[in-house]
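Quick look at entry.tsv (TSV, C-alpha atoms):
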```tsv
chain	number	residue	atom	x	y	z
A	290	MET	CA	82.66	90.36	91.36
A	291	ARG	CA	83.03	88.54	88.06
A	292	PRO	CA	83.48	90.34	84.75
A	293	ARG	CA	80.32	90.41	82.63
A	294	VAL	CA	82.12	90.26	79.29
A	295	ALA	CA	82.82	87.47	76.83
A	296	LEU	CA	86.01	85.73	77.87
A	297	PHE	CA	88.41	83.99	75.56
A	298	ALA	CA	89.98	80.56	75.73
A	299	LEU	CA	93.40	82.21	75.96
A	300	CYS	CA	94.51	83.44	79.37
A	301	LEU	CA	98.06	83.70	80.60
A	302	ALA	CA	99.16	82.57	84.05
A	303	ALA	CA	100.15	85.20	86.59
A	304	THR	CA	103.88	84.64	86.22
A	305	ALA	CA	106.02	81.81	84.93
A	306	ALA	CA	107.47	81.39	88.40
A	307	GLN	CA	104.14	81.31	90.24
A	308	ALA	CA	103.87	78.53	92.76
A	309	ARG	CA	101.54	76.06	91.10
A	310	ALA	CA	100.35	74.27	94.20
A	311	ARG	CA	98.80	77.15	96.13
A	312	TRP	CA	97.40	80.63	96.19
A	313	ARG	CA	100.11	83.26	96.34
A	314	VAL	CA	99.21	86.31	98.45
A	315	THR	CA	100.99	89.30	96.98
A	316	SER	CA	100.68	92.88	95.81
A	317	SER	CA	100.90	94.40	92.36
A	318	PRO	CA	102.07	98.00	91.91
A	319	ALA	CA	100.45	97.88	88.48
A	320	ALA	CA	97.09	96.80	89.90
A	321	ASP	CA	97.37	99.39	92.67
A	322	ARG	CA	97.94	102.20	90.18
A	323	TRP	CA	95.20	100.96	87.88
A	324	PHE	CA	92.63	100.65	90.65
A	325	THR	CA	93.63	104.07	92.03
A	326	ALA	CA	92.89	105.58	88.63
A	327	MET	CA	89.59	103.71	88.45
A	328	ALA	CA	88.65	105.01	91.89
A	329	ARG	CA	89.12	108.54	90.57
A	330	LEU	CA	87.19	107.76	87.42
A	331	ALA	CA	84.24	106.62	89.56
A	332	LEU	CA	82.38	104.74	86.86
A	333	PRO	CA	78.88	103.51	87.69
A	334	THR	CA	78.96	100.08	89.30
A	335	PRO	CA	76.27	97.44	89.81
A	336	GLY	CA	75.34	96.26	93.26
A	337	ALA	CA	75.46	97.93	96.65
A	338	LEU	CA	79.04	97.28	97.76
A	339	ALA	CA	81.77	99.84	97.13
A	340	TYR	CA	84.17	98.97	94.33
A	341	TYR	CA	86.84	101.38	95.56
A	342	GLU	CA	87.97	103.37	98.54
A	343	PRO	CA	87.12	107.09	98.39
A	344	ALA	CA	89.39	108.91	95.94
A	345	ALA	CA	90.37	112.34	94.71
A	346	ALA	CA	88.07	114.34	92.47
A	347	PRO	CA	87.30	112.73	89.11
A	348	PRO	CA	88.84	114.10	85.91
A	349	PRO	CA	86.70	116.59	83.94
A	350	TRP	CA	86.25	114.17	81.03
A	351	ARG	CA	84.73	111.44	83.19
A	352	ALA	CA	81.09	112.05	82.23
A	353	ARG	CA	81.26	110.66	78.71
A	354	VAL	CA	83.01	107.50	79.83
A	355	ALA	CA	80.54	107.04	82.68
A	356	ARG	CA	77.64	107.11	80.21
A	357	THR	CA	79.05	104.17	78.24
A	358	PRO	CA	78.30	100.81	79.94
A	359	ALA	CA	81.01	99.01	77.97
A	360	PHE	CA	83.67	100.73	80.06
A	361	GLU	CA	82.69	98.49	82.97
A	362	VAL	CA	85.41	96.16	81.67
A	363	LEU	CA	87.99	98.60	83.03
A	364	HIS	CA	87.30	97.32	86.54
A	365	PHE	CA	89.07	94.06	85.58
A	366	VAL	CA	92.07	95.09	83.50
A	367	PRO	CA	94.81	94.07	86.00
A	368	LEU	CA	93.31	90.59	86.29
A	369	TRP	CA	93.60	90.04	82.54
A	370	TYR	CA	97.31	90.84	82.50
A	371	PRO	CA	98.43	89.96	86.04
A	372	SER	CA	102.13	89.76	85.25
A	373	GLY	CA	102.17	93.18	83.60
A	374	THR	CA	103.75	96.32	84.99
A	375	ALA	CA	101.82	99.58	85.00
A	376	THR	CA	103.65	100.50	81.81
A	377	ASP	CA	102.62	97.18	80.29
A	378	LEU	CA	98.96	97.79	81.15
A	379	THR	CA	98.86	101.28	79.71
A	380	ALA	CA	100.74	100.19	76.58
A	381	ALA	CA	98.12	97.48	76.04
A	382	VAL	CA	95.29	99.96	76.60
A	383	ARG	CA	96.82	102.37	74.10
A	384	ALA	CA	97.23	99.56	71.58
A	385	ALA	CA	93.53	98.75	71.93
A	386	ALA	CA	92.61	102.42	71.53
A	387	LEU	CA	94.74	102.97	68.43
A	388	ASP	CA	94.06	99.59	66.82
A	389	ARG	CA	97.73	98.69	66.94
A	390	ALA	CA	99.23	95.26	67.40
A	391	GLU	CA	99.55	94.22	71.02
A	392	PRO	CA	102.91	95.36	72.46
A	393	THR	CA	103.84	91.88	73.71
A	394	PRO	CA	102.31	88.40	73.30
A	395	ARG	CA	101.34	88.42	76.98
A	396	ALA	CA	99.16	91.49	76.36
A	397	ALA	CA	97.09	89.75	73.68
A	398	PHE	CA	94.23	88.71	75.94
A	399	LEU	CA	93.80	92.18	77.44
A	400	VAL	CA	93.97	93.99	74.10
A	401	ALA	CA	91.46	91.59	72.57
A	402	ALA	CA	89.09	91.91	75.54
A	403	LEU	CA	89.08	95.70	75.31
A	404	ARG	CA	88.50	95.68	71.55
A	405	ARG	CA	85.72	93.14	71.85
A	406	SER	CA	83.95	95.09	74.59
A	407	ILE	CA	84.43	98.74	73.59
A	408	ALA	CA	83.15	100.04	70.26
A	409	PRO	CA	85.68	101.72	67.95
A	410	ALA	CA	83.90	105.06	68.33
A	411	ASP	CA	84.44	104.98	72.09
A	412	ARG	CA	88.05	103.78	72.21
A	413	ALA	CA	89.68	107.22	72.09
A	414	ALA	CA	88.71	107.61	75.75
A	415	LEU	CA	91.10	104.77	76.55
A	416	LEU	CA	94.00	107.13	75.85
A	417	ARG	CA	92.81	109.41	78.65
A	418	VAL	CA	92.36	106.41	80.92
A	419	ALA	CA	95.94	105.34	80.23
A	420	ALA	CA	97.21	108.83	81.06
A	421	LEU	CA	95.25	108.79	84.31
A	422	VAL	CA	96.91	105.50	85.26
A	423	ASP	CA	100.32	106.94	84.36
A	424	SER	CA	99.82	109.70	86.93
A	425	ALA	CA	98.39	107.51	89.70
A	426	GLU	CA	100.38	106.89	92.87
A	427	VAL	CA	99.52	104.71	95.85
A	428	PRO	CA	101.58	103.14	98.65
A	429	GLY	CA	101.53	99.37	98.46
A	430	VAL	CA	100.98	96.77	101.16
A	431	PRO	CA	104.15	96.16	103.22
A	432	ALA	CA	105.97	92.91	102.49
A	433	THR	CA	105.76	91.91	106.15
A	434	ARG	CA	101.98	92.22	106.05
A	435	LEU	CA	101.77	90.12	102.90
A	436	ALA	CA	104.01	87.46	104.44
A	437	SER	CA	101.79	87.33	107.51
A	438	LEU	CA	98.65	86.93	105.41
A	439	GLN	CA	100.34	84.23	103.34
A	440	ALA	CA	101.27	82.28	106.46
A	441	VAL	CA	97.72	82.43	107.81
A	442	TRP	CA	96.25	81.44	104.45
A	443	ASP	CA	98.60	78.48	104.11
A	444	SER	CA	98.11	77.23	107.65
A	445	ALA	CA	94.38	77.78	108.15
A	446	TYR	CA	92.39	78.80	105.09
A	447	ALA	CA	93.98	76.67	102.38
A	448	PRO	CA	93.60	73.28	104.11
A	449	ALA	CA	90.06	73.99	105.25
A	450	LEU	CA	88.82	75.37	101.94
A	451	ALA	CA	90.67	72.91	99.70
A	452	PRO	CA	87.64	70.69	98.88
A	453	TYR	CA	85.51	73.68	97.94
A	454	LEU	CA	88.26	75.33	95.92
A	455	ALA	CA	88.89	72.07	94.08
A	456	SER	CA	85.20	71.84	93.22
A	457	ARG	CA	85.40	75.29	91.60
A	458	ARG	CA	88.76	74.64	89.88
A	459	LEU	CA	90.26	77.33	92.09
A	460	ASP	CA	93.04	75.18	93.53
A	461	GLY	CA	95.60	77.95	93.17
A	462	GLY	CA	96.43	81.29	91.63
A	463	VAL	CA	97.45	84.77	92.65
A	464	LEU	CA	95.69	86.90	95.26
A	465	PHE	CA	96.37	90.63	94.92
A	466	VAL	CA	95.87	92.70	98.06
A	467	SER	CA	95.27	96.21	96.73
A	468	PRO	CA	94.57	99.24	98.97
A	469	PRO	CA	92.42	101.18	96.46
A	470	LEU	CA	89.80	98.42	96.29
A	471	GLY	CA	86.65	98.66	98.36
A	472	ALA	CA	84.40	95.90	99.66
A	473	GLU	CA	83.70	94.52	96.18
A	474	GLY	CA	86.66	92.44	95.06
A	475	ARG	CA	87.43	90.88	91.71
A	476	ILE	CA	87.83	87.31	90.50
A	477	PHE	CA	88.99	86.00	87.15
A	478	GLU	CA	88.92	82.32	86.31
A	479	GLY	CA	91.42	81.54	83.58
A	480	VAL	CA	91.87	78.50	81.39
A	481	PRO	CA	89.46	75.81	82.67
A	482	ALA	CA	92.06	73.10	82.18
A	483	ASP	CA	94.51	74.89	84.48
A	484	ARG	CA	93.34	74.81	88.08
A	485	HIS	CA	95.97	77.38	89.06
A	486	ASP	CA	95.31	79.99	86.38
A	487	ASN	CA	93.12	82.19	88.56
A	488	VAL	CA	93.37	85.74	89.85
A	489	LEU	CA	91.70	87.35	92.86
A	490	ALA	CA	91.96	90.98	93.95
A	491	VAL	CA	90.72	92.31	97.28
A	492	GLY	CA	91.09	95.46	99.33
A	493	VAL	CA	92.59	95.98	102.77
A	494	ALA	CA	89.40	97.19	104.51
A	495	ARG	CA	91.13	100.34	105.75
A	496	GLY	CA	89.65	101.29	109.13
A	497	SER	CA	88.33	97.83	109.95
A	498	ALA	CA	89.47	96.12	113.14
A	499	VAL	CA	89.38	92.68	111.47
A	500	ASP	CA	93.01	91.63	111.05
A	501	GLU	CA	92.41	88.99	108.39
A	502	ALA	CA	90.08	91.17	106.32
A	503	PRO	CA	91.83	90.53	102.96
A	504	LEU	CA	91.62	86.76	103.42
A	505	LEU	CA	87.99	86.92	104.49
A	506	ALA	CA	87.26	89.08	101.46
A	507	ALA	CA	88.94	86.46	99.29
A	508	VAL	CA	86.61	83.80	100.71
A	509	ARG	CA	83.65	85.85	99.60
A	510	GLU	CA	85.11	86.29	96.11
A	511	THR	CA	85.54	82.53	95.67
A	512	CYS	CA	81.78	82.26	96.12
A	513	ALA	CA	81.03	84.56	93.18
A	514	PRO	CA	81.26	81.78	90.55
A	515	LEU	CA	78.98	79.54	92.61
A	516	VAL	CA	76.33	82.24	93.01
A	517	THR	CA	76.56	83.04	89.30
A	518	GLU	CA	75.98	79.37	88.53
A	519	LEU	CA	73.01	79.19	90.88
A	520	ALA	CA	71.54	82.36	89.38
A	521	ALA	CA	70.10	80.25	86.56
A	522	ASP	CA	67.55	79.02	89.10
A	523	HIS	CA	67.23	82.28	91.05
A	524	ARG	CA	66.08	85.01	88.73
A	525	VAL	CA	66.50	87.74	91.33
A	526	TRP	CA	70.25	87.15	91.32
A	527	ARG	CA	70.33	87.57	87.54
A	528	ASP	CA	68.27	90.73	87.53
A	529	ASP	CA	69.47	92.44	90.70
A	530	PRO	CA	73.24	92.78	91.18
A	531	ALA	CA	72.74	94.00	94.74
A	532	ALA	CA	70.83	90.82	95.62
A	533	ALA	CA	73.53	88.71	94.00
A	534	GLY	CA	76.18	90.57	95.97
A	535	ARG	CA	74.37	89.95	99.23
A	536	ALA	CA	73.94	86.28	98.34
A	537	THR	CA	77.67	86.04	97.66
A	538	VAL	CA	78.41	87.45	101.11
A	539	ARG	CA	76.04	84.93	102.68
A	540	CYS	CA	77.68	82.16	100.66
A	541	GLY	CA	81.06	83.10	102.14
A	542	ALA	CA	79.58	82.93	105.63
A	543	ALA	CA	78.06	79.51	104.93
A	544	LEU	CA	81.36	78.29	103.50
A	545	LEU	CA	83.26	79.31	106.63
A	546	ASP	CA	80.55	77.89	108.90
A	547	ARG	CA	81.13	74.55	107.22
A	548	ALA	CA	84.89	74.57	106.65
A	549	LEU	CA	86.50	77.06	109.04
A	550	PRO	CA	84.06	78.04	111.79
A	551	ALA	CA	86.77	79.74	113.83
A	552	ARG	CA	86.70	82.57	111.25
A	553	SER	CA	82.93	82.82	110.87
A	554	ALA	CA	82.41	85.51	113.50
A	555	ALA	CA	85.18	87.73	112.13
A	556	TYR	CA	83.75	87.34	108.63
A	557	ARG	CA	80.36	88.57	109.77
A	558	VAL	CA	81.91	91.47	111.69
A	559	LEU	CA	83.81	92.51	108.56
A	560	TRP	CA	80.81	92.49	106.27
A	561	ALA	CA	78.58	94.27	108.77
A	562	TRP	CA	81.30	96.94	108.91
A	563	HIS	CA	81.46	97.17	105.12
A	564	ALA	CA	77.70	97.63	105.00
A	565	GLY	CA	77.68	100.19	107.81
A	566	ALA	CA	75.29	98.00	109.80
A	567	ARG	CA	75.22	97.28	113.52
A	568	ARG	CA	74.60	93.59	112.93
A	569	TYR	CA	75.45	91.30	110.06
A	570	THR	CA	71.86	90.15	109.62
A	571	ASP	CA	70.66	93.75	109.30
A	572	ALA	CA	72.59	94.06	106.04
A	573	PHE	CA	72.50	90.43	104.94
A	574	PRO	CA	69.22	88.96	106.16
A	575	PRO	CA	68.72	85.25	105.63
A	576	ASN	CA	66.62	84.02	102.73
A	577	ALA	CA	65.42	80.47	103.25
A	578	ALA	CA	65.20	79.41	99.60
A	579	GLU	CA	68.42	81.06	98.49
A	580	ASP	CA	70.39	79.89	101.51
A	581	ALA	CA	69.14	76.34	101.04
A	582	ALA	CA	70.42	76.39	97.45
A	583	ILE	CA	73.81	77.67	98.61
A	584	ASP	CA	74.03	75.08	101.38
A	585	ALA	CA	73.14	72.28	98.97
A	586	ALA	CA	75.82	73.40	96.52
A	587	LEU	CA	78.44	73.56	99.27
A	588	ARG	CA	77.41	70.14	100.54
A	589	ARG	CA	77.88	68.68	97.07
A	590	ALA	CA	81.26	70.34	96.70
A	591	PHE	CA	82.60	68.93	99.94
A	592	ALA	CA	81.13	65.50	99.35
A	593	ALA	CA	82.82	65.24	95.96
A	594	HIS	CA	86.21	66.71	96.83
A	595	ASP	CA	86.87	66.29	100.54
A	596	VAL	CA	89.98	64.14	100.76
A	597	ARG	CA	90.71	64.76	104.40
```
Take the structure in the file and give it back as structure tokens.
Amino acid sequence: MRPRVALFALCLAATAAQARARWRVTSSPAADRWFTAMARLALPTPGALAYYEPAAAPPPWRARVARTPAFEVLHFVPLWYPSGTATDLTAAVRAAALDRAEPTPRAAFLVAALRRSIAPADRAALLRVAALVDSAEVPGVPATRLASLQAVWDSAYAPALAPYLASRRLDGGVLFVSPPLGAEGRIFEGVPADRHDNVLAVGVARGSAVDEAPLLAAVRETCAPLVTELAADHRVWRDDPAAAGRATVRCGAALLDRALPARSAAYRVLWAWHAGARRYTDAFPPNAAEDAAIDAALRRAFAAHDVR
């Protein structure tokens, strides 16, 4: 899922030490705590895919926040300050709520995004959100698991997907694997001039038998910008988030069919599981016109950037 808010030219890279030539598969305790709090808050979400894993009961003050569409921006906070600790995130949120200066220069983008999106009269609720994040706890993904996913990404996914990723200016970035997230991941494209200033966040698909579920989820997320771009010619994708979400899943399948067919079957198994369907096509039926547009866009991407 892409954020539906006005983005700024300023975006900071994940960390100064981030490897600039690839996607780095990692975890973020800050993102895990933030997304755990958001799972409890259970704000309304567009589309049919779950944004979060099931969580504890929501706080009693949730209703007012849930009635305010502007709070949808909270689903993306960790992506706008990817190098921040949980304390950094909540300090930035409190600064936005209290109209204070950002606590550090690296928090400037996040603070500005919250102020731009949430009206002054509604910002007091951000203080409660920050307190909810302060109290959140979640076990992270083991380092051995992250290392295994990194090795598979580097050896299989990265080489195969390189032409497509280059076409979308997604050559590199940071990929957060976060247990609280559900089927619907997150993507943030940073400064257009920096092909490595990108952030993805995906869940672990707890309960799924698909070992590479986080990487397959990441493939789907990289299709979100393409589907958004094509939505200009497909009104249903603009007007129906569920239809756009299904199209993004089908785009990921088409991308793997073209670039990494050995993973295509597992991808379809994963998304059928997410949808609670017996078969992939039951949940994501083909659409001739939409699929033709996706295939044409993928064909152009590989023709322009395939250097193999």
Q: Mind checking which residues fall within 8 Å of Thr315 of chain A, counting all atoms listed in the file, ignoring those fewer than 5 positions away in the same chain, and posting them as a VMD selection string?
A: chain A and resid 435 463 to 466
Q: Could you check how far atom CA of Arg458 of chain A sits from atom CA of Arg484 of chain A, in Å to one decimal?
A: 4.9 Å
Q: Rounded to one decimal place, report the atom CA of Leu368 of chain A-atom CA of Val314 of chain A distance in Å.
A: 14.2 Å
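What separates atom CA of Thr334 of chain A from atom CA of Leu545 of chain A is a distance of 27.4 Å.
Between Phe573 of chain A and the residues A:Ala590, A:Val422, A:Ala436, A:Ala532, the shortest atom-to-atom distance, using all atoms listed in the file, involves A:Ala532.
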Q: Go through A:Gly462, A:Gly471, A:Gly496, A:Pro394 and flag the residue nearest Pro343 of chain A, using all atoms listed in the file for the distances.
A: A:Gly471
Can you list, as a compact mmCIF listing (two decimals) with C-alpha atoms, in the frame of the given file, every protein, DNA or RNA residue that comes within 12 Å of segment 404-411 of chain A when you count all atoms listed in the file, leaving out same-chain residues fewer than 4 positions away?
```
# COMPACT_ATOMS: atom_id res chain seq x y z
CA PRO A 292 83.48 90.34 84.75
CA ARG A 293 80.32 90.41 82.63
CA VAL A 294 82.12 90.26 79.29
CA ALA A 295 82.82 87.47 76.83
CA LEU A 296 86.01 85.73 77.87
CA PHE A 297 88.41 83.99 75.56
CA ARG A 353 81.26 110.66 78.71
CA VAL A 354 83.01 107.50 79.83
CA ALA A 355 80.54 107.04 82.68
CA ARG A 356 77.64 107.11 80.21
CA THR A 357 79.05 104.17 78.24
CA PRO A 358 78.30 100.81 79.94
CA ALA A 359 81.01 99.01 77.97
CA PHE A 360 83.67 100.73 80.06
CA GLU A 361 82.69 98.49 82.97
CA VAL A 362 85.41 96.16 81.67
CA LEU A 363 87.99 98.60 83.03
CA ALA A 381 98.12 97.48 76.04
CA VAL A 382 95.29 99.96 76.60
CA ARG A 383 96.82 102.37 74.10
CA ALA A 384 97.23 99.56 71.58
CA ALA A 385 93.53 98.75 71.93
CA ALA A 386 92.61 102.42 71.53
CA LEU A 387 94.74 102.97 68.43
CA ASP A 388 94.06 99.59 66.82
CA ARG A 389 97.73 98.69 66.94
CA ALA A 390 99.23 95.26 67.40
CA GLU A 391 99.55 94.22 71.02
CA ALA A 397 97.09 89.75 73.68
CA PHE A 398 94.23 88.71 75.94
CA LEU A 399 93.80 92.18 77.44
CA VAL A 400 93.97 93.99 74.10
CA LEU A 415 91.10 104.77 76.55
CA LEU A 416 94.00 107.13 75.85
CA ARG A 417 92.81 109.41 78.65
CA VAL A 418 92.36 106.41 80.92
```
Q: Would you list the contacts of segment 548-556 of chain A as a list in words, taking every protein, DNA or RNA residue within 9 Å and counting only C-alpha atoms, but skipping same-chain residues closer than 2 positions in sequence?
A: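 Close residues of segment 548-556 of chain A: Ala445, Tyr446, Ala449, Leu450, Tyr453, Val499, Asp500, Glu501, Ala502, Leu505, Ala506, Gly541, Ala542, Ala543, Leu544, Leu545, Asp546, Val558, Leu559, Trp560 and Ala561 of chain A.
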**Q.** Best match for closeness to Asp460 of chain A among A:Ala586, A:Ala344, A:Asn487, A:Ala432, counting only C-alpha atoms
**A.** A:Asn487
Any chance you could model N, CA and C atoms for segment 538-556 of chain A and send them as an mmCIF file, in the frame of the given file?
```cif
data_model
loop_
_atom_site.group_PDB
_atom_site.id
_atom_site.type_symbol
_atom_site.label_atom_id
_atom_site.label_comp_id
_atom_site.auth_asym_id
_atom_site.auth_seq_id
_atom_site.Cartn_x
_atom_site.Cartn_y
_atom_site.Cartn_z
ATOM 1 N N VAL A 538 77.940 87.279 99.729
ATOM 2 C CA VAL A 538 78.410 87.450 101.110
ATOM 3 C C VAL A 538 77.892 86.324 101.988
ATOM 4 N N ARG A 539 76.612 86.000 101.860
ATOM 5 C CA ARG A 539 76.040 84.930 102.680
ATOM 6 C C ARG A 539 76.662 83.585 102.327
ATOM 7 N N CYS A 540 77.005 83.390 101.064
ATOM 8 C CA CYS A 540 77.680 82.160 100.660
ATOM 9 C C CYS A 540 79.023 82.037 101.366
ATOM 10 N N GLY A 541 79.778 83.139 101.434
ATOM 11 C CA GLY A 541 81.060 83.100 102.140
ATOM 12 C C GLY A 541 80.885 82.736 103.601
ATOM 13 N N ALA A 542 79.843 83.271 104.229
ATOM 14 C CA ALA A 542 79.580 82.930 105.630
ATOM 15 C C ALA A 542 79.254 81.447 105.770
ATOM 16 N N ALA A 543 78.418 80.930 104.878
ATOM 17 C CA ALA A 543 78.060 79.510 104.930
ATOM 18 C C ALA A 543 79.279 78.626 104.684
ATOM 19 N N LEU A 544 80.147 79.058 103.787
ATOM 20 C CA LEU A 544 81.360 78.290 103.500
ATOM 21 C C LEU A 544 82.255 78.213 104.732
ATOM 22 N N LEU A 545 82.438 79.326 105.425
ATOM 23 C CA LEU A 545 83.260 79.310 106.630
ATOM 24 C C LEU A 545 82.575 78.547 107.762
ATOM 25 N N ASP A 546 81.263 78.664 107.876
ATOM 26 C CA ASP A 546 80.550 77.890 108.900
ATOM 27 C C ASP A 546 80.829 76.400 108.731
ATOM 28 N N ARG A 547 80.920 75.960 107.504
ATOM 29 C CA ARG A 547 81.130 74.550 107.220
ATOM 30 C C ARG A 547 82.603 74.155 107.336
ATOM 31 N N ALA A 548 83.499 74.980 106.814
ATOM 32 C CA ALA A 548 84.890 74.570 106.650
ATOM 33 C C ALA A 548 85.848 75.166 107.677
ATOM 34 N N LEU A 549 85.569 76.373 108.140
ATOM 35 C CA LEU A 549 86.500 77.060 109.040
ATOM 36 C C LEU A 549 85.715 77.922 110.020
ATOM 37 N N PRO A 550 84.959 77.283 110.910
ATOM 38 C CA PRO A 550 84.060 78.040 111.790
ATOM 39 C C PRO A 550 84.768 79.017 112.714
ATOM 40 N N ALA A 551 86.041 78.811 112.970
ATOM 41 C CA ALA A 551 86.770 79.740 113.830
ATOM 42 C C ALA A 551 86.847 81.138 113.227
ATOM 43 N N ARG A 552 86.656 81.256 111.905
ATOM 44 C CA ARG A 552 86.700 82.570 111.250
ATOM 45 C C ARG A 552 85.318 83.118 110.938
ATOM 46 N N SER A 553 84.277 82.394 111.254
ATOM 47 C CA SER A 553 82.930 82.820 110.870
ATOM 48 C C SER A 553 82.524 84.138 111.518
ATOM 49 N N ALA A 554 82.812 84.285 112.800
ATOM 50 C CA ALA A 554 82.410 85.510 113.500
ATOM 51 C C ALA A 554 83.122 86.723 112.921
ATOM 52 N N ALA A 555 84.424 86.605 112.687
ATOM 53 C CA ALA A 555 85.180 87.730 112.130
ATOM 54 C C ALA A 555 84.662 88.094 110.739
ATOM 55 N N TYR A 556 84.301 87.090 109.964
ATOM 56 C CA TYR A 556 83.750 87.340 108.630
ATOM 57 C C TYR A 556 82.485 88.188 108.735
#
```
